[in-house]
Amino acid sequence: MRSKLPWVIALCCASSLPHCMHVSDGIELDIAYQPEATPAEIRTDMGYRVRLERALIAVGQVKLVPCESLASHFWELIGPARARAHELSTPTSLGVPLVLDLMESAGMPVFAGTLRPPPGSYCGIRFTGMPADEDAEGLTEESLDMMRHSVLIVARIEDGVSAEAWPVTVGISETLPCELPFDEPLVFDRPVLEGVSIAIDHTAWFDGIDFAEGDAGTVQRQITDNIRSSLTALRSYGTSGL
Amino acid sequence: MLAALLLPAGIAADAYACGTCSVGDPTLTIVGFEQPQANRFRTSATVRHRNDRLGEPGVDELSLSEQRMELAGAYSPIDRLTISLMMPLVHRLVTAVNLAEADIWAPGDMEMRLRGVVWRDRKFAPRHLVSLIGGLEFPTGAVETDAEGVALPLEFQAGTGSWDPIAGLSYTMFLDPWSVYVSSVGIFPTKGTADTLTGISVRQTVLSQFQPWRFLGFQAGMEFRIDRPGYIGGVRDPDTGGHITYGTLGLIGLPHEKVLVHATAALPLIQRLDGNHREGFAITAGLVYEI
């Protein structure tokens, strides 16, 4: 029995061998919102002067779109919009709701989160604005009405010629999906850290609108179109850059 | 004349060195399948490779590649009882969908088993053995944690961190050159690392062996495993539970009187595992040393 004892002791000692874990990062894509700095007054291409009093946008989801499924996402875009209180986060989507107060924007990026997508080619980002839920980041006592709106604008418009001024309030309560294509596909085939900024140029939201002539519905429709076209996805090559 | 004098000594030396001969049967058996014989002591080193996929592809799938070296010793104090102790050293590579990797080297959970022969057809060179199996898996595996010291999920652990009793029954038939081993073993886990309760697992093994030569045998068999679902913090883990059947093919050889080598390949034939859980090809190779 004595000759067996060293074997038993050796086996028991093996359980106290050191352990180690090495973790290496995979493909990571930092997402940030980059609104333009808000000027005291915006001059539109139709000659109107816009003084913003409130400008808020609520983001429900940001989703990385694989190149092969761009067509299917197009169908989602033209299909009926569906609002969900809290989207799920996946390796290719951020479902953390966020309220951006553009009046506080000084042109600095706001970090949204990090996507960890599988290898593949990605051709764009799908941005979905939707009314915020109660635990949305950036939701304050003053912005509780963003639980009913995707975008809320309160402004004072002044005609540059007649100097006539009037208030405008635009509240978009529907889900606002926008497809933002990249200049060239984002190809991931190995672990890498990249960054994408979603630029928001709200100084262009009032372009092409004749406030004196258009009714409230027309103005809202044109502003909605302008919001969509004011969003662009910009890549930060090789680094998070955020 | 000289040869005649040395012959008995040669036979005696062979008989002493040949562990399989000393139990009255030439069947080559790996540790755990053998016939108990008083004071028989065997040690073994076994290397296993397997891989798993858990989770929804492209979403939360984890790909696991595991290599284990199991160091074991089995001692029979009497003809009807074998006590074995097994200590695994585990290497695990976990890959996430975004190619992030966790490379883990750690000792796993030690296992002790008792196998008692409750019935045999005869004392010397029995052809039929029925045994009861009992054991316990100890939580000796190191616990891997994140930067905040919180234990990582079980996929990142070399052991379950739980005390797991083992109970089962086995039947062995030795009819040279054929042998058959049938066992049914249940593992009854308790709560372990990361508040995880692994489900009860019942494993059936049916293994037949054909040994045309004293030094080489061929094995073919089936391994069936049925698992109850596991729970994490009281919530069911959707990717646990179900059953799987492997087909196995193996070789067992005796390159030296005291050394036995074996290798087995296992291919999943029927997978009915719950949720998103796929198990892959597994291979085992080992060496048994008779002391």
# chains A, B, ... in the order shown; residues from 1 in each chain; ligands from 1
>>> interface_residues(of="chain A", to="chain B", cutoff="12 Å", atoms="only C-alpha atoms", output="number ranges by chain")
A: 1-29, 66, 88-93, 114-120, 188-193
>>> residues_around(residues="Ala136 (chain A)", least_positions_apart="6", cutoff="7 Å", atoms="only C-alpha atoms", output="list in words")
Pro97, Leu98 and Val99 of chain A
>>> residues_around(residues="Arg113 (chain B)", least_positions_apart="6", cutoff="6 Å", atoms="only C-alpha atoms", output="list in words")
Ile83, Ser84, Gly134 and Gly135 of chain B
>>> residues_around(residues="Val65 (chain A)", least_positions_apart="5", cutoff="10 Å", atoms="only C-alpha atoms", output="ChimeraX atom specification")
/A:70,72-73,92-93,121-126,179-181,186
>>> select_by_dssp(residues="region 12-221 of chain B", states="helix (DSSP H, G or I)", output="PDB file with N, CA and C atoms, in the first residue's frame")
ATOM      1  N   ALA B  12       7.254 -17.839 -15.511  1.00  0.00           N
ATOM      2  CA  ALA B  12       6.908 -17.196 -14.242  1.00  0.00           C
ATOM      3  C   ALA B  12       7.039 -15.683 -14.358  1.00  0.00           C
ATOM      4  N   ALA B  13       8.143 -15.247 -15.020  1.00  0.00           N
ATOM      5  CA  ALA B  13       8.357 -13.801 -15.164  1.00  0.00           C
ATOM      6  C   ALA B  13       7.228 -13.188 -15.968  1.00  0.00           C
ATOM      7  N   ASP B  14       6.819 -13.857 -17.051  1.00  0.00           N
ATOM      8  CA  ASP B  14       5.709 -13.366 -17.871  1.00  0.00           C
ATOM      9  C   ASP B  14       4.433 -13.271 -17.060  1.00  0.00           C
ATOM     10  N   ALA B  15       4.179 -14.328 -16.287  1.00  0.00           N
ATOM     11  CA  ALA B  15       2.953 -14.381 -15.500  1.00  0.00           C
ATOM     12  C   ALA B  15       2.926 -13.251 -14.481  1.00  0.00           C
ATOM     13  N   TYR B  16       4.089 -12.911 -13.920  1.00  0.00           N
ATOM     14  CA  TYR B  16       4.145 -11.862 -12.906  1.00  0.00           C
ATOM     15  C   TYR B  16       3.929 -10.493 -13.549  1.00  0.00           C
ATOM     16  N   ALA B  17       4.547 -10.306 -14.761  1.00  0.00           N
ATOM     17  CA  ALA B  17       4.497  -8.990 -15.387  1.00  0.00           C
ATOM     18  C   ALA B  17       3.159  -8.720 -16.065  1.00  0.00           C
ATOM     19  N   GLY B  19      -0.345  -8.143 -16.280  1.00  0.00           N
ATOM     20  CA  GLY B  19      -1.475  -7.848 -15.388  1.00  0.00           C
ATOM     21  C   GLY B  19      -2.739  -8.546 -15.826  1.00  0.00           C
ATOM     22  N   THR B  20      -2.962  -8.590 -17.136  1.00  0.00           N
ATOM     23  CA  THR B  20      -4.193  -9.220 -17.622  1.00  0.00           C
ATOM     24  C   THR B  20      -4.187 -10.715 -17.349  1.00  0.00           C
ATOM     25  N   CYS B  21      -2.946 -11.315 -17.436  1.00  0.00           N
ATOM     26  CA  CYS B  21      -2.861 -12.758 -17.177  1.00  0.00           C
ATOM     27  C   CYS B  21      -3.128 -13.061 -15.709  1.00  0.00           C
ATOM     28  N   SER B  22      -2.691 -12.125 -14.833  1.00  0.00           N
ATOM     29  CA  SER B  22      -2.798 -12.400 -13.408  1.00  0.00           C
ATOM     30  C   SER B  22      -4.238 -12.481 -12.925  1.00  0.00           C
ATOM     31  N   LEU B 154     -20.156  28.700 -16.675  1.00  0.00           N
ATOM     32  CA  LEU B 154     -19.553  27.365 -16.660  1.00  0.00           C
ATOM     33  C   LEU B 154     -18.733  27.054 -17.915  1.00  0.00           C
ATOM     34  N   GLU B 155     -19.099  27.689 -19.040  1.00  0.00           N
ATOM     35  CA  GLU B 155     -18.352  27.451 -20.282  1.00  0.00           C
ATOM     36  C   GLU B 155     -16.881  27.833 -20.130  1.00  0.00           C
ATOM     37  N   PHE B 156     -16.585  28.734 -19.194  1.00  0.00           N
ATOM     38  CA  PHE B 156     -15.219  29.216 -19.009  1.00  0.00           C
ATOM     39  C   PHE B 156     -14.521  28.520 -17.839  1.00  0.00           C
ATOM     40  N   THR B 193     -20.381  26.501  -9.421  1.00  0.00           N
ATOM     41  CA  THR B 193     -19.872  27.831  -9.767  1.00  0.00           C
ATOM     42  C   THR B 193     -20.928  28.665 -10.501  1.00  0.00           C
ATOM     43  N   ALA B 194     -20.895  29.982 -10.224  1.00  0.00           N
ATOM     44  CA  ALA B 194     -21.771  30.957 -10.895  1.00  0.00           C
ATOM     45  C   ALA B 194     -23.248  30.603 -10.702  1.00  0.00           C
ATOM     46  N   ASP B 195     -23.579  30.067  -9.513  1.00  0.00           N
ATOM     47  CA  ASP B 195     -24.975  29.749  -9.163  1.00  0.00           C
ATOM     48  C   ASP B 195     -25.615  28.821 -10.200  1.00  0.00           C
TER      49      ASP B 195
END
>>> closest_residue(among="A:Phe127, A:Tyr33, A:Tyr48, A:Phe182", to="Gly208 (chain A)", atoms="only C-alpha atoms")
A:Tyr48
>>> select_by_dssp(residues="region 26-134 of chain B", states="strand (DSSP E or B)", output="PyMOL selection string")
chain B and resi 40-54+62-78+81-96+101-107+111-120+128-134
>>> atom_distance(atom1="CA of Gly241 (chain B)", atom2="CA of Val180 (chain B)")
28.8 Å
>>> decode(residues="region 153-201 of chain B", atoms="C-alpha atoms", output="compact mmCIF listing (two decimals), in the first residue's frame")
# COMPACT_ATOMS: atom_id res chain seq x y z
CA PRO B 153 -20.19 31.10 -16.64
CA LEU B 154 -19.55 27.36 -16.66
CA GLU B 155 -18.35 27.45 -20.28
CA PHE B 156 -15.22 29.22 -19.01
CA GLN B 157 -14.58 26.84 -16.11
CA ALA B 158 -12.44 23.71 -16.02
CA GLY B 159 -14.75 22.21 -13.42
CA THR B 160 -18.33 22.58 -12.25
CA GLY B 161 -17.38 23.65 -8.72
CA SER B 162 -19.95 21.28 -7.28
CA TRP B 163 -20.01 18.06 -5.29
CA ASP B 164 -21.44 15.54 -7.71
CA PRO B 165 -22.34 12.04 -6.47
CA ILE B 166 -22.08 9.21 -9.00
CA ALA B 167 -24.00 5.93 -8.99
CA GLY B 168 -24.29 3.16 -11.53
CA LEU B 169 -24.23 -0.44 -12.56
CA SER B 170 -22.04 -2.34 -14.98
CA TYR B 171 -21.91 -5.74 -16.60
CA THR B 172 -18.79 -7.21 -18.16
CA MET B 173 -18.54 -10.39 -20.19
CA PHE B 174 -15.19 -12.02 -21.00
CA LEU B 175 -15.36 -14.72 -23.67
CA ASP B 176 -11.90 -14.73 -25.22
CA PRO B 177 -11.37 -13.31 -27.86
CA TRP B 178 -14.61 -11.37 -27.32
CA SER B 179 -15.61 -9.15 -24.45
CA VAL B 180 -18.53 -6.86 -23.83
CA TYR B 181 -18.85 -4.01 -21.36
CA VAL B 182 -22.21 -2.43 -20.57
CA SER B 183 -22.67 0.30 -17.99
CA SER B 184 -25.24 2.80 -16.87
CA VAL B 185 -23.97 5.62 -14.69
CA GLY B 186 -25.85 8.60 -13.28
CA ILE B 187 -24.22 11.84 -12.15
CA PHE B 188 -26.27 13.89 -9.69
CA PRO B 189 -24.80 17.39 -9.54
CA THR B 190 -25.31 19.90 -6.76
CA LYS B 191 -25.17 23.69 -7.17
CA GLY B 192 -21.77 24.89 -8.35
CA THR B 193 -19.87 27.83 -9.77
CA ALA B 194 -21.77 30.96 -10.90
CA ASP B 195 -24.97 29.75 -9.16
CA THR B 196 -25.25 27.03 -11.79
CA LEU B 197 -27.05 23.75 -11.20
CA THR B 198 -26.08 21.31 -13.91
CA GLY B 199 -28.78 18.79 -14.77
CA ILE B 200 -28.68 15.15 -13.78
CA SER B 201 -26.83 13.19 -16.45
